[in-house]
$ cat query.cif   # mmCIF, C-alpha atoms
data_data
loop_
_atom_site.label_atom_id
_atom_site.label_comp_id
_atom_site.auth_asym_id
_atom_site.auth_seq_id
_atom_site.Cartn_x
_atom_site.Cartn_y
_atom_site.Cartn_z
CA MET D 1 91.77 268.84 78.87
CA ILE D 2 94.84 267.21 80.35
CA ARG D 3 96.88 264.63 78.52
CA CYS D 4 96.89 260.89 79.44
CA LYS D 5 100.36 261.01 81.02
CA LYS D 6 99.32 263.93 83.17
CA CYS D 7 96.03 262.16 83.93
CA LYS D 8 97.82 259.09 85.32
CA LYS D 9 99.95 261.30 87.53
CA LEU D 10 96.86 263.09 88.70
CA ILE D 11 95.10 259.80 89.44
CA ASN D 12 98.00 258.85 91.72
CA GLU D 13 97.99 262.28 93.33
CA TYR D 14 94.26 261.82 93.87
CA LEU D 15 94.97 258.56 95.71
CA ASN D 16 97.92 260.06 97.57
CA GLN D 17 95.84 262.94 98.86
CA ASN D 18 92.94 260.82 100.07
CA LYS D 19 90.74 261.52 97.06
CA PRO D 20 90.02 265.24 97.22
CA ASP D 21 86.96 266.38 95.22
CA GLU D 22 88.80 269.14 93.36
CA ILE D 23 91.16 266.63 91.73
CA LYS D 24 88.28 264.29 90.98
CA GLN D 25 86.47 267.02 89.06
CA ILE D 26 89.52 267.58 86.84
CA LEU D 27 89.95 263.84 86.32
CA ASP D 28 86.31 263.23 85.42
CA ILE D 29 86.57 265.51 82.38
CA HIS D 30 89.42 263.41 80.98
CA LEU D 31 88.11 260.03 82.10
CA ASP D 32 84.75 260.63 80.41
CA ASN D 33 86.57 260.87 77.13
CA CYS D 34 89.46 258.39 77.54
CA MET D 35 88.72 254.67 77.97
CA SER D 36 92.39 253.78 78.51
CA CYS D 37 92.77 256.21 81.42
CA LYS D 38 89.37 255.20 82.75
CA GLU D 39 90.51 251.57 82.79
CA TYR D 40 93.74 252.56 84.55
CA TYR D 41 91.81 254.66 87.05
CA TYR D 42 89.50 251.83 88.03
CA SER D 43 92.31 249.30 88.29
CA VAL D 44 94.48 251.40 90.63
CA LEU D 45 91.40 252.52 92.55
CA SER D 46 90.51 248.86 93.09
CA VAL D 47 94.03 248.10 94.19
CA ASN D 48 93.91 251.08 96.52
CA THR D 49 90.62 249.95 98.00
CA MET D 50 91.78 246.37 98.45
CA LEU D 51 94.99 247.49 100.12
CA LYS D 52 93.12 249.74 102.49
CA GLY D 53 90.93 246.77 103.26
CA LEU D 54 93.96 244.96 104.56
CA LYS D 55 94.37 247.49 107.30
CA LYS D 56 93.36 246.07 110.60
CA GLU D 57 93.54 247.28 114.14
CA TYR D 58 95.58 245.00 116.31
CA SER D 59 95.84 244.86 120.02
CA ILE D 60 98.89 243.15 121.35
CA ASN D 61 100.69 243.39 124.65
CA ILE D 62 104.39 242.82 124.53
CA LYS D 63 105.34 245.40 127.15
CA ASN D 64 106.10 242.93 129.92
CA ALA D 65 108.00 240.58 127.63
CA VAL D 66 110.16 243.38 126.29
CA LEU D 67 110.82 244.94 129.69
CA GLU D 68 111.67 241.52 131.07
CA LYS D 69 114.22 240.97 128.33
CA ILE D 70 115.65 244.42 128.86
CA SER D 71 115.94 243.94 132.61
CA GLU D 72 117.44 240.49 132.09
CA GLU D 73 120.26 242.06 130.17
CA GLN D 74 120.59 245.20 132.26
CA PRO D 75 121.09 243.97 135.83
CA LYS D 76 123.27 241.09 134.71
CA SER D 77 126.12 243.39 133.95
CA ILE D 78 125.50 245.47 137.06
CA ILE D 79 125.27 242.37 139.27
CA ASN D 80 128.36 240.92 137.67
CA LYS D 81 130.19 244.14 138.39
CA LYS D 82 128.95 244.12 141.99
CA ILE D 83 129.93 240.48 142.45
CA TYR D 84 133.30 241.19 140.88
CA ILE D 85 133.85 244.14 143.19
CA ARG D 86 132.80 242.08 146.22
CA TYR D 87 135.13 239.25 145.27
CA ALA D 88 137.93 241.68 144.60
CA ALA D 89 137.35 243.36 147.96
CA ALA D 90 137.27 240.00 149.76
CA ILE D 91 140.47 238.88 148.07
CA ALA D 92 142.12 242.20 148.89
CA CYS D 93 141.08 241.88 152.55
CA MET D 94 142.41 238.34 152.69
CA ALA D 95 145.66 239.44 151.12
CA ILE D 96 146.01 242.26 153.64
CA ALA D 97 145.20 239.92 156.54
CA ILE D 98 147.74 237.36 155.34
CA GLY D 99 150.26 240.12 154.85
CA VAL D 100 149.70 241.50 158.31
CA TYR D 101 149.93 238.01 159.80
CA ILE D 102 153.16 237.27 158.03
CA PHE D 103 154.77 240.57 158.84
CA THR D 104 153.67 240.65 162.49
CA GLN D 105 152.68 237.47 164.27
CA GLY D 106 154.36 235.09 161.92
CA PHE D 107 157.62 236.98 162.03
CA ASN D 108 157.35 237.50 165.75
CA LYS D 109 157.06 233.77 166.29
CA VAL D 110 160.04 233.16 164.09
CA ASN D 111 162.02 235.82 165.93
CA MET D 112 161.07 234.36 169.31
CA LYS D 113 162.25 230.94 168.25
CA GLU D 114 165.44 232.35 166.84
CA GLY D 115 165.96 234.40 170.00
CA LEU D 116 165.55 231.43 172.34
CA ALA D 117 167.83 229.32 170.22
CA ALA D 118 170.42 232.04 170.28
CA GLN D 119 170.16 232.36 174.05
CA THR D 120 170.58 228.65 174.54
CA GLN D 121 173.48 228.62 172.22
CA GLU D 122 175.05 231.52 174.03
CA ILE D 123 175.01 229.97 177.43
CA THR D 124 175.35 226.33 176.51
CA GLY D 125 178.33 226.92 174.33
CA ASP D 126 181.76 226.77 175.81
CA GLN D 127 182.19 230.48 175.47
CA LYS D 128 184.22 232.47 177.86
CA GLU D 129 184.63 235.58 175.81
CA TYR D 130 181.66 237.78 175.27
CA LEU D 131 180.96 241.10 173.70
CA THR D 132 180.05 244.23 175.61
CA PHE D 133 176.68 244.07 177.21
CA GLY D 134 174.93 247.39 176.92
CA ILE D 135 172.90 247.76 180.10
CA THR D 136 173.66 250.22 182.79
CA THR D 137 172.66 250.00 186.41
CA ASN D 138 174.10 251.34 189.61
CA ASN D 139 175.99 248.11 190.16
CA ASP D 140 176.92 247.78 186.56
CA SER D 141 178.49 251.10 185.96
CA GLU D 142 181.95 249.74 185.46
CA SER D 143 182.42 248.37 182.06
CA ALA D 144 182.27 244.66 181.58
CA ASP D 145 185.39 243.34 179.93
CA ARG D 146 183.89 240.13 178.68
CA SER D 147 180.22 239.76 178.12
CA PHE D 148 177.71 238.84 175.45
CA SER D 149 174.79 240.83 174.22
CA SER D 150 171.39 240.21 172.88
CA SER D 151 170.11 241.80 169.73
CA ASN D 152 166.76 242.26 171.48
CA THR D 153 166.14 245.66 172.96
CA ILE D 154 164.82 245.20 176.48
CA ASN D 155 163.55 247.85 178.79
CA TYR D 156 165.49 247.51 182.02
CA ASP D 157 163.85 250.39 183.82
CA ASN D 158 162.80 248.20 186.73
CA LEU D 159 165.93 246.10 186.96
CA ILE D 160 166.91 244.99 190.47
CA VAL D 161 170.32 243.60 191.28
CA TYR D 162 171.13 240.83 193.78
CA ASN D 163 174.63 239.75 194.73
CA TYR D 164 175.57 236.17 195.53
CA VAL D 165 178.63 234.01 196.01
CA THR D 166 179.18 230.37 195.13
CA ASP D 167 181.76 227.71 195.88
CA LYS D 168 181.63 226.54 192.29
CA ASN D 169 184.27 227.54 189.77
CA TYR D 170 183.50 229.26 186.47
CA ASP D 171 182.85 226.09 184.45
CA GLU D 172 180.58 224.62 187.10
CA ILE D 173 178.46 227.68 187.61
CA ILE D 174 178.14 228.36 183.90
CA LYS D 175 177.02 224.75 183.38
CA ASP D 176 174.38 225.10 186.09
CA ILE D 177 173.16 228.36 184.62
CA ASP D 178 172.84 226.61 181.30
CA ILE D 179 170.69 223.88 182.87
CA VAL D 180 168.22 226.30 184.46
CA SER D 181 168.28 228.89 181.72
CA ASP D 182 165.06 227.72 180.07
CA GLU D 183 163.10 227.36 183.25
CA PHE D 184 164.10 230.74 184.66
CA LEU D 185 164.22 232.59 181.36
CA ILE D 186 167.80 233.67 181.69
CA ILE D 187 168.32 236.02 178.83
CA GLU D 188 171.64 237.74 179.28
CA VAL D 189 174.95 236.45 180.72
CA TYR D 190 178.23 238.26 181.03
CA THR D 191 181.44 237.84 182.97
CA GLN D 192 184.13 239.93 184.56
CA ALA D 193 187.00 237.51 184.85
CA GLU D 194 189.27 239.80 186.89
CA ASN D 195 186.58 239.91 189.62
CA ASN D 196 185.51 236.23 189.24
CA GLU D 197 182.10 237.59 188.50
CA ILE D 198 179.28 236.18 186.40
CA SER D 199 176.14 238.19 185.87
CA PHE D 200 172.85 237.35 184.17
CA ILE D 201 169.39 238.72 183.79
CA SER D 202 166.31 236.69 184.57
CA CYS D 203 162.79 237.70 183.93
CA ASN D 204 161.39 234.98 186.16
CA SER D 205 160.04 236.31 189.43
CA ASN D 206 160.68 233.06 191.32
CA MET D 207 164.01 234.27 192.50
CA GLN D 208 164.27 232.08 195.63
CA LYS D 209 163.90 228.91 193.66
CA LEU D 210 166.56 230.00 191.21
CA VAL D 211 168.90 230.74 194.13
CA GLN D 212 168.27 227.24 195.45
CA GLU D 213 168.77 225.61 192.08
CA LEU D 214 172.10 227.32 191.61
CA ASN D 215 172.98 226.81 195.28
CA LEU D 216 173.89 230.45 195.72
CA LYS D 217 174.68 232.22 198.93
CA GLU D 218 173.91 235.78 199.57
CA ASP D 219 176.92 238.02 199.35
CA ILE D 220 176.96 239.69 202.73
CA LYS D 221 179.76 241.98 201.63
CA SER D 222 177.46 243.61 199.12
CA LYS D 223 174.24 245.16 200.07
CA ASN D 224 171.35 244.54 197.79
CA ASP D 225 169.48 247.61 196.79
CA GLU D 226 166.02 246.81 198.10
CA SER D 227 164.80 250.33 197.61
CA ILE D 228 163.98 249.85 193.97
CA VAL D 229 162.03 246.65 194.46
CA SER D 230 158.47 247.08 193.42
CA ASP D 231 155.55 245.04 192.19
CA SER D 232 156.34 246.04 188.68
CA VAL D 233 159.80 244.50 188.66
CA GLU D 234 160.24 242.58 185.45
CA TYR D 235 163.96 241.79 185.35
CA ILE D 236 166.38 240.69 188.04
CA LYS D 237 170.10 240.84 187.63
CA PHE D 238 172.10 238.20 189.45
CA VAL D 239 175.73 238.99 190.14
CA ILE D 240 177.59 235.88 191.26
CA ILE D 241 181.16 235.69 192.55
CA TYR D 242 182.53 232.27 191.74
CA SER D 243 185.60 230.62 193.28
CA ASP D 244 188.89 230.15 191.41
CA MET L 1 100.21 262.90 133.48
CA ASP L 2 100.81 262.36 129.78
CA TYR L 3 104.47 262.48 129.00
CA SER L 4 105.73 263.35 125.55
CA ASP L 5 107.82 260.84 123.66
CA GLU L 6 110.86 262.99 124.26
CA GLN L 7 110.28 263.05 128.01
CA LEU L 8 109.76 259.30 128.10
CA ILE L 9 112.91 258.73 126.09
CA ASN L 10 114.96 260.86 128.45
CA MET L 11 113.46 259.09 131.45
CA SER L 12 114.29 255.74 129.86
CA ILE L 13 117.86 256.81 129.20
CA ASN L 14 118.12 257.73 132.87
CA GLY L 15 117.15 254.20 133.88
CA ASP L 16 113.38 254.44 134.21
CA ASN L 17 112.30 251.30 132.39
CA SER L 18 108.64 251.95 133.14
CA ALA L 19 108.89 255.06 130.95
CA PHE L 20 109.97 252.86 128.09
CA GLY L 21 107.02 250.64 128.95
CA ILE L 22 104.73 253.57 128.17
CA LEU L 23 106.41 254.00 124.78
CA ILE L 24 105.86 250.30 124.11
CA GLU L 25 102.19 250.59 124.98
CA ARG L 26 101.91 253.63 122.75
CA TYR L 27 103.35 252.11 119.59
CA GLN L 28 103.27 248.33 119.87
CA ASN L 29 100.04 247.83 117.92
CA LYS L 30 101.08 249.93 114.96
CA ALA L 31 104.50 248.32 114.98
CA TYR L 32 102.86 244.92 114.94
CA ALA L 33 100.54 245.96 112.12
CA ILE L 34 103.51 246.92 109.97
CA SER L 35 105.45 243.80 110.79
CA ILE L 36 102.58 241.38 110.18
CA LYS L 37 102.11 242.84 106.69
CA ILE L 38 105.72 242.11 105.88
CA VAL L 39 106.34 238.75 107.55
CA GLN L 40 102.70 237.59 107.37
CA ASN L 41 103.09 235.41 110.40
CA HIS L 42 101.87 236.24 113.87
CA ASP L 43 104.75 234.69 115.80
CA ASP L 44 107.38 236.18 113.53
CA ALA L 45 105.71 239.56 113.73
CA LEU L 46 105.65 239.43 117.53
CA ASP L 47 109.31 238.47 117.58
CA CYS L 48 110.16 241.28 115.18
CA VAL L 49 108.30 243.87 117.21
CA GLN L 50 109.89 242.71 120.45
CA ASP L 51 113.34 242.73 118.88
CA SER L 52 112.66 246.16 117.43
CA PHE L 53 111.74 247.62 120.80
CA ILE L 54 114.83 246.08 122.38
CA LYS L 55 116.99 247.49 119.59
CA ALA L 56 115.35 250.85 120.06
CA PHE L 57 115.97 250.74 123.81
CA LYS L 58 119.61 249.87 123.35
CA ASN L 59 120.04 252.73 120.89
CA LEU L 60 118.01 255.36 122.70
CA LYS L 61 121.12 257.36 123.44
CA GLN L 62 121.82 257.56 119.72
CA PHE L 63 118.32 258.86 118.99
CA ASN L 64 118.82 262.50 118.10
CA PHE L 65 115.17 263.67 118.00
CA GLN L 66 115.56 264.85 114.41
CA SER L 67 112.70 262.55 113.50
CA SER L 68 109.82 261.48 115.68
CA PHE L 69 110.24 258.41 117.84
CA ASN L 70 107.47 256.47 116.15
CA THR L 71 108.89 256.84 112.63
CA TRP L 72 112.31 255.90 113.97
CA LEU L 73 110.74 252.85 115.62
CA TYR L 74 108.75 251.90 112.50
CA ARG L 75 111.96 252.07 110.47
CA ILE L 76 113.52 249.59 112.87
CA VAL L 77 110.41 247.40 112.68
CA THR L 78 110.37 247.52 108.86
CA ASN L 79 114.04 246.66 108.57
CA THR L 80 113.86 243.95 111.22
CA SER L 81 110.83 242.40 109.53
CA LEU L 82 112.42 242.52 106.09
CA ASP L 83 115.59 240.96 107.50
CA LEU L 84 113.52 238.13 108.90
CA LEU L 85 111.64 237.79 105.65
CA ARG L 86 114.89 237.50 103.71
CA LYS L 87 116.18 234.97 106.20
CA ASN L 88 112.99 232.92 106.02
CA LYS L 89 112.98 233.04 102.23
CA ARG L 90 116.53 231.74 102.16
CA TYR L 91 115.55 228.83 104.35
CA GLN L 92 112.41 228.14 102.38
CA ASN L 93 113.97 228.19 98.92
CA ASP L 94 112.52 231.55 98.05
CA ILE L 95 108.94 230.44 98.38
CA PRO L 96 106.95 233.56 99.24
CA ILE L 97 105.58 233.49 102.71
CA GLU L 98 101.86 233.62 102.62
CA LYS L 99 99.80 233.03 105.65
CA PRO L 100 96.98 230.64 104.88
CA ILE L 101 93.64 232.33 105.29
CA ALA L 102 91.63 230.49 107.83
CA GLU L 103 87.88 230.48 107.89
CA ASN L 104 88.11 232.72 110.85
CA GLU L 105 91.18 234.84 110.32
CA ASP L 106 90.99 236.16 113.86
CA GLU L 107 92.64 233.07 115.20
CA TYR L 108 95.96 234.30 113.87
CA PHE L 109 95.88 237.39 115.97
CA ILE L 110 95.45 238.25 119.54
CA GLN L 111 92.65 240.54 118.68
CA ILE L 112 91.45 242.04 115.43
CA GLU L 113 88.94 244.78 115.38
CA ASP L 114 86.93 245.74 112.35
CA SER L 115 88.87 247.97 110.07
CA LYS L 116 87.91 251.60 110.13
CA ALA L 117 89.52 252.11 106.78
CA ASP L 118 87.71 253.34 103.75
CA VAL L 119 86.38 250.00 102.62
CA GLU L 120 82.69 250.63 102.93
CA ASN L 121 82.15 250.43 99.19
CA ILE L 122 83.74 247.04 98.59
CA THR L 123 83.45 243.82 100.46
CA ILE L 124 86.74 241.99 100.19
CA SER L 125 86.58 238.24 100.18
CA ASN L 126 89.20 236.02 101.74
CA GLU L 127 90.17 234.98 98.23
CA THR L 128 90.83 238.58 97.26
CA ILE L 129 92.84 239.18 100.44
CA ARG L 130 94.97 236.15 99.62
CA ALA L 131 95.49 237.34 96.06
CA VAL L 132 96.46 240.85 97.15
CA ARG L 133 98.91 239.48 99.72
CA ALA L 134 100.44 237.23 97.11
CA ALA L 135 100.75 240.20 94.75
CA ILE L 136 102.45 242.27 97.48
CA ASN L 137 104.90 239.44 98.00
CA GLU L 138 105.90 239.72 94.38
CA LEU L 139 106.87 243.35 94.72
CA SER L 140 110.39 244.51 95.29
CA GLU L 141 111.28 245.53 98.84
CA ASP L 142 111.11 249.24 98.01
CA PHE L 143 107.62 248.92 96.54
CA LYS L 144 106.50 246.64 99.31
CA LYS L 145 107.53 249.15 101.96
CA VAL L 146 105.61 252.07 100.47
CA ILE L 147 102.52 249.96 99.84
CA ILE L 148 102.45 248.62 103.39
CA LEU L 149 103.27 251.89 105.10
CA PHE L 150 101.21 254.25 102.98
CA GLU L 151 98.37 252.24 101.49
CA ILE L 152 97.73 249.70 104.18
CA GLU L 153 98.88 251.40 107.36
CA GLN L 154 97.86 254.77 106.01
CA LEU L 155 100.82 256.70 107.31
CA SER L 156 101.32 260.10 105.74
CA LEU L 157 103.71 260.65 102.85
CA LEU L 158 105.99 262.59 105.20
CA GLU L 159 106.02 259.79 107.74
CA VAL L 160 106.79 257.20 105.09
CA ALA L 161 109.55 259.39 103.71
CA ASP L 162 110.92 259.77 107.23
CA ILE L 163 110.79 256.05 107.92
CA LEU L 164 112.43 255.15 104.63
CA LYS L 165 114.81 258.09 104.77
CA VAL L 166 113.97 259.13 101.22
CA PRO L 167 112.40 262.33 99.80
CA VAL L 168 108.62 262.57 99.55
CA GLY L 169 108.96 262.69 95.78
CA THR L 170 110.65 259.30 95.82
CA VAL L 171 107.81 257.90 97.91
CA LYS L 172 105.27 259.21 95.39
CA SER L 173 107.24 257.82 92.49
CA ARG L 174 107.48 254.39 94.14
CA LEU L 175 103.78 254.45 94.96
CA PHE L 176 102.92 255.23 91.33
CA ARG L 177 104.94 252.29 90.04
CA ALA L 178 103.94 249.95 92.85
CA ARG L 179 100.22 250.50 92.18
CA ASP L 180 100.81 249.96 88.52
CA LYS L 181 102.68 246.75 89.21
CA LEU L 182 100.08 245.48 91.65
CA ALA L 183 97.29 246.22 89.21
CA SER L 184 99.12 244.26 86.51
CA ILE L 185 99.70 241.26 88.78
CA LEU L 186 96.12 241.18 89.99
CA LYS L 187 94.78 241.52 86.45
CA GLU L 188 96.92 238.62 85.34
CA LYS L 189 95.51 236.52 88.16
CA GLY L 190 91.99 237.53 87.27
CA THR L 191 91.30 239.23 90.57
CA PHE L 192 89.55 242.03 88.69
#
$ encode --input "query.cif" --output "structure tokens"
Amino acid sequence: MIRCKKCKKLINEYLNQNKPDEIKQILDIHLDNCMSCKEYYYSVLSVNTMLKGLKKEYSINIKNAVLEKISEEQPKSIINKKIYIRYAAAIACMAIAIGVYIFTQGFNKVNMKEGLAAQTQEITGDQKEYLTFGITTNNDSESADRSFSSSNTINYDNLIVYNYVTDKNYDEIIKDIDIVSDEFLIIEVYTQAENNEISFISCNSNMQKLVQELNLKEDIKSKNDESIVSDSVEYIKFVIIYSD
Amino acid sequence: MDYSDEQLINMSINGDNSAFGILIERYQNKAYAISIKIVQNHDDALDCVQDSFIKAFKNLKQFNFQSSFNTWLYRIVTNTSLDLLRKNKRYQNDIPIEKPIAENEDEYFIQIEDSKADVENITISNETIRAVRAAINELSEDFKKVIILFEIEQLSLLEVADILKVPVGTVKSRLFRARDKLASILKEKGTF
């Protein structure tokens, strides 16, 4: 027969193993002869039975609630990232657009203003000495001794040259050119003092009106080169012989 | 098609939340049963189970499949419920939480089916249920865990050991002393 200490262990093993008959048979031999162990056996068996009686089958449904909470947390970060990326992209596009504007249109406008101001200054000033003007045409092959230049690079491929004379002296004709310079977009002026010659470029096609305004007469000694006149003429060079 | 827990876990990790929904459906009732025994309050138990599933979801990538998913989940449920119990006890000046037994206990639960446990020999009165619950509340956390998981929820010794992360021998030892302690408490209160 087993001892009481061993019996208590066996009682617990009996409960742990869901009351197998083989253990019960061993226990019964001891319990029939030991009131103390019998009392312990019935007390823990009662506890065991009561505890098992607490087991209940539940049916709950928390799936939707849990998945909702999970999805609430999940997309938030993804959406935030997407929104962040969209905002970042929009800001980047705006920055590029502003940059392009500044470095193209904006600067072009500034340059145009500066260019016009410079032109006005050039021909309205009391300047008689100019720097070398770097255009070459058939009539302009000889170097100009006194002229002024523009920093703008202009394509003079279709330049046509007309020759005129005037009764005005240098100061008078240069003053008149100054007056009409805005209207007729006179962009380059140079002089050859030894020949009493003033030349300028106009990109206004209304040549006859300009001739009238300046009261010019055609220089019959020179023959204008009509052969290069075409519809695509953009610039006209006026060569004017002024009086002393 | 019935997916295994492992398949559902991998699907969940890859962003398929509906796969995790299947895991919830599979284990929510048992998880609730464990939690309600610890916190003894329907709302708290629901909160604990929900929190446990969310914790599990967030830590799915850390799950290494060394134990089964359900024991891993029940460990989270047990710890979450005990944390809440400790918190509640602090707020309630260490008064043990004991759900009052209503005339119709079913009102505390969404649905309670008749127990299929081995209780055919003894009819347990509401008074006895209350006394046993009060006695469980007097146990230490270690004893409480083994009693709830093994005796009440009838998990196997291996499962309990897995949930508690202790050897089976330790579970048996705790069960031995916990039964002894419960018997003493109930005797003192004249339950039997």
$ resolve_selection --input "query.cif" --expression "the PyMOL selection byres ((chain D and resi 51) around 8)" --output "list in words"
Val47, Asn48, Thr49, Met50, Lys52, Gly53, Leu54 and Lys55 of chain D; Val132, Ile147, Glu151 and Ile152 of chain L
$ atom_distance --input "query.cif" --atom1 "atom CA of D:Ser202" --atom2 "atom CA of D:Ile186"
4.4 Å
$ atom_distance --input "query.cif" --atom1 "atom CA of D:Cys4" --atom2 "atom CA of D:Asn33"
10.6 Å
$ closest_atom_pairs --input "query.cif" --of "chain D" --to "chain L" --cutoff "12 Å" --atoms "all atoms listed in the file" --output "JSON lines"
{"residue": "D:Lys8", "atom": "CA", "partner": "L:Phe176", "partner_atom": "CA", "distance": 8.8}
{"residue": "D:Lys9", "atom": "CA", "partner": "L:Phe176", "partner_atom": "CA", "distance": 7.8}
{"residue": "D:Leu10", "atom": "CA", "partner": "L:Phe176", "partner_atom": "CA", "distance": 10.3}
{"residue": "D:Ile11", "atom": "CA", "partner": "L:Phe176", "partner_atom": "CA", "distance": 9.3}
{"residue": "D:Asn12", "atom": "CA", "partner": "L:Phe176", "partner_atom": "CA", "distance": 6.1}
{"residue": "D:Glu13", "atom": "CA", "partner": "L:Lys172", "partner_atom": "CA", "distance": 8.2}
{"residue": "D:Tyr14", "atom": "CA", "partner": "L:Phe176", "partner_atom": "CA", "distance": 11.2}
{"residue": "D:Leu15", "atom": "CA", "partner": "L:Glu151", "partner_atom": "CA", "distance": 9.2}
{"residue": "D:Asn16", "atom": "CA", "partner": "L:Lys172", "partner_atom": "CA", "distance": 7.7}
{"residue": "D:Gln17", "atom": "CA", "partner": "L:Leu157", "partner_atom": "CA", "distance": 9.1}
{"residue": "D:Asn18", "atom": "CA", "partner": "L:Gln154", "partner_atom": "CA", "distance": 9.8}
{"residue": "D:Lys19", "atom": "CA", "partner": "L:Asp118", "partner_atom": "CA", "distance": 11.0}
{"residue": "D:Glu39", "atom": "CA", "partner": "L:Ala183", "partner_atom": "CA", "distance": 10.8}
{"residue": "D:Tyr40", "atom": "CA", "partner": "L:Asp180", "partner_atom": "CA", "distance": 8.5}
{"residue": "D:Tyr41", "atom": "CA", "partner": "L:Asp180", "partner_atom": "CA", "distance": 10.3}
{"residue": "D:Tyr42", "atom": "CA", "partner": "L:Ala183", "partner_atom": "CA", "distance": 9.7}
{"residue": "D:Ser43", "atom": "CA", "partner": "L:Ala183", "partner_atom": "CA", "distance": 5.9}
{"residue": "D:Val44", "atom": "CA", "partner": "L:Arg179", "partner_atom": "CA", "distance": 6.0}
{"residue": "D:Leu45", "atom": "CA", "partner": "L:Arg179", "partner_atom": "CA", "distance": 9.1}
{"residue": "D:Ser46", "atom": "CA", "partner": "L:Phe192", "partner_atom": "CA", "distance": 8.2}
{"residue": "D:Val47", "atom": "CA", "partner": "L:Ala183", "partner_atom": "CA", "distance": 6.2}
{"residue": "D:Asn48", "atom": "CA", "partner": "L:Glu151", "partner_atom": "CA", "distance": 6.8}
{"residue": "D:Thr49", "atom": "CA", "partner": "L:Val119", "partner_atom": "CA", "distance": 6.3}
{"residue": "D:Met50", "atom": "CA", "partner": "L:Ile124", "partner_atom": "CA", "distance": 6.9}
{"residue": "D:Leu51", "atom": "CA", "partner": "L:Ile152", "partner_atom": "CA", "distance": 5.4}
{"residue": "D:Lys52", "atom": "CA", "partner": "L:Ile152", "partner_atom": "CA", "distance": 4.9}
{"residue": "D:Gly53", "atom": "CA", "partner": "L:Val119", "partner_atom": "CA", "distance": 5.6}
{"residue": "D:Leu54", "atom": "CA", "partner": "L:Ile152", "partner_atom": "CA", "distance": 6.1}
{"residue": "D:Lys55", "atom": "CA", "partner": "L:Ile152", "partner_atom": "CA", "distance": 5.1}
{"residue": "D:Lys56", "atom": "CA", "partner": "L:Ser115", "partner_atom": "CA", "distance": 4.9}
{"residue": "D:Glu57", "atom": "CA", "partner": "L:Glu113", "partner_atom": "CA", "distance": 5.4}
{"residue": "D:Tyr58", "atom": "CA", "partner": "L:Ile112", "partner_atom": "CA", "distance": 5.2}
{"residue": "D:Ser59", "atom": "CA", "partner": "L:Gln111", "partner_atom": "CA", "distance": 5.5}
{"residue": "D:Ile60", "atom": "CA", "partner": "L:Asn29", "partner_atom": "CA", "distance": 5.9}
{"residue": "D:Asn61", "atom": "CA", "partner": "L:Gln28", "partner_atom": "CA", "distance": 7.3}
{"residue": "D:Ile62", "atom": "CA", "partner": "L:Gln50", "partner_atom": "CA", "distance": 6.8}
{"residue": "D:Lys63", "atom": "CA", "partner": "L:Gly21", "partner_atom": "CA", "distance": 5.8}
{"residue": "D:Asn64", "atom": "CA", "partner": "L:Gly21", "partner_atom": "CA", "distance": 7.8}
{"residue": "D:Ala65", "atom": "CA", "partner": "L:Gln50", "partner_atom": "CA", "distance": 7.7}
{"residue": "D:Val66", "atom": "CA", "partner": "L:Gln50", "partner_atom": "CA", "distance": 5.9}
{"residue": "D:Leu67", "atom": "CA", "partner": "L:Gly21", "partner_atom": "CA", "distance": 6.9}
{"residue": "D:Glu68", "atom": "CA", "partner": "L:Asn17", "partner_atom": "CA", "distance": 9.9}
{"residue": "D:Lys69", "atom": "CA", "partner": "L:Ile54", "partner_atom": "CA", "distance": 7.9}
{"residue": "D:Ile70", "atom": "CA", "partner": "L:Ile54", "partner_atom": "CA", "distance": 6.7}
{"residue": "D:Ser71", "atom": "CA", "partner": "L:Asn17", "partner_atom": "CA", "distance": 8.2}
{"residue": "D:Glu72", "atom": "CA", "partner": "L:Ile54", "partner_atom": "CA", "distance": 11.5}
{"residue": "D:Glu73", "atom": "CA", "partner": "L:Ile54", "partner_atom": "CA", "distance": 10.3}
{"residue": "D:Gln74", "atom": "CA", "partner": "L:Gly15", "partner_atom": "CA", "distance": 9.8}
{"residue": "D:Pro75", "atom": "CA", "partner": "L:Gly15", "partner_atom": "CA", "distance": 11.1}
$ atom_distance --input "query.cif" --atom1 "atom CA of D:Asn215" --atom2 "atom CA of D:Val161"
17.5 Å
$ closest_residue --input "query.cif" --among "D:Ile198, D:Ala97, D:Met35, D:Ala88" --to "D:Phe238" --atoms "all atoms listed in the file"
D:Ile198
$ axis_aligned_box --input "query.cif" --around "stretch 40-45 of chain L" --padding-each-side "8 Å" --output "JSON"
{"center_x": 104.6, "center_y": 237.1, "center_z": 111.6, "size_x": 21.5, "size_y": 20.9, "size_z": 24.4}
$ residues_around --input "query.cif" --residues "D:Asp176" --least-positions-apart "5" --cutoff "9 Å" --atoms "all atoms listed in the file" --output "number ranges by chain"
D: 171, 181, 213-214
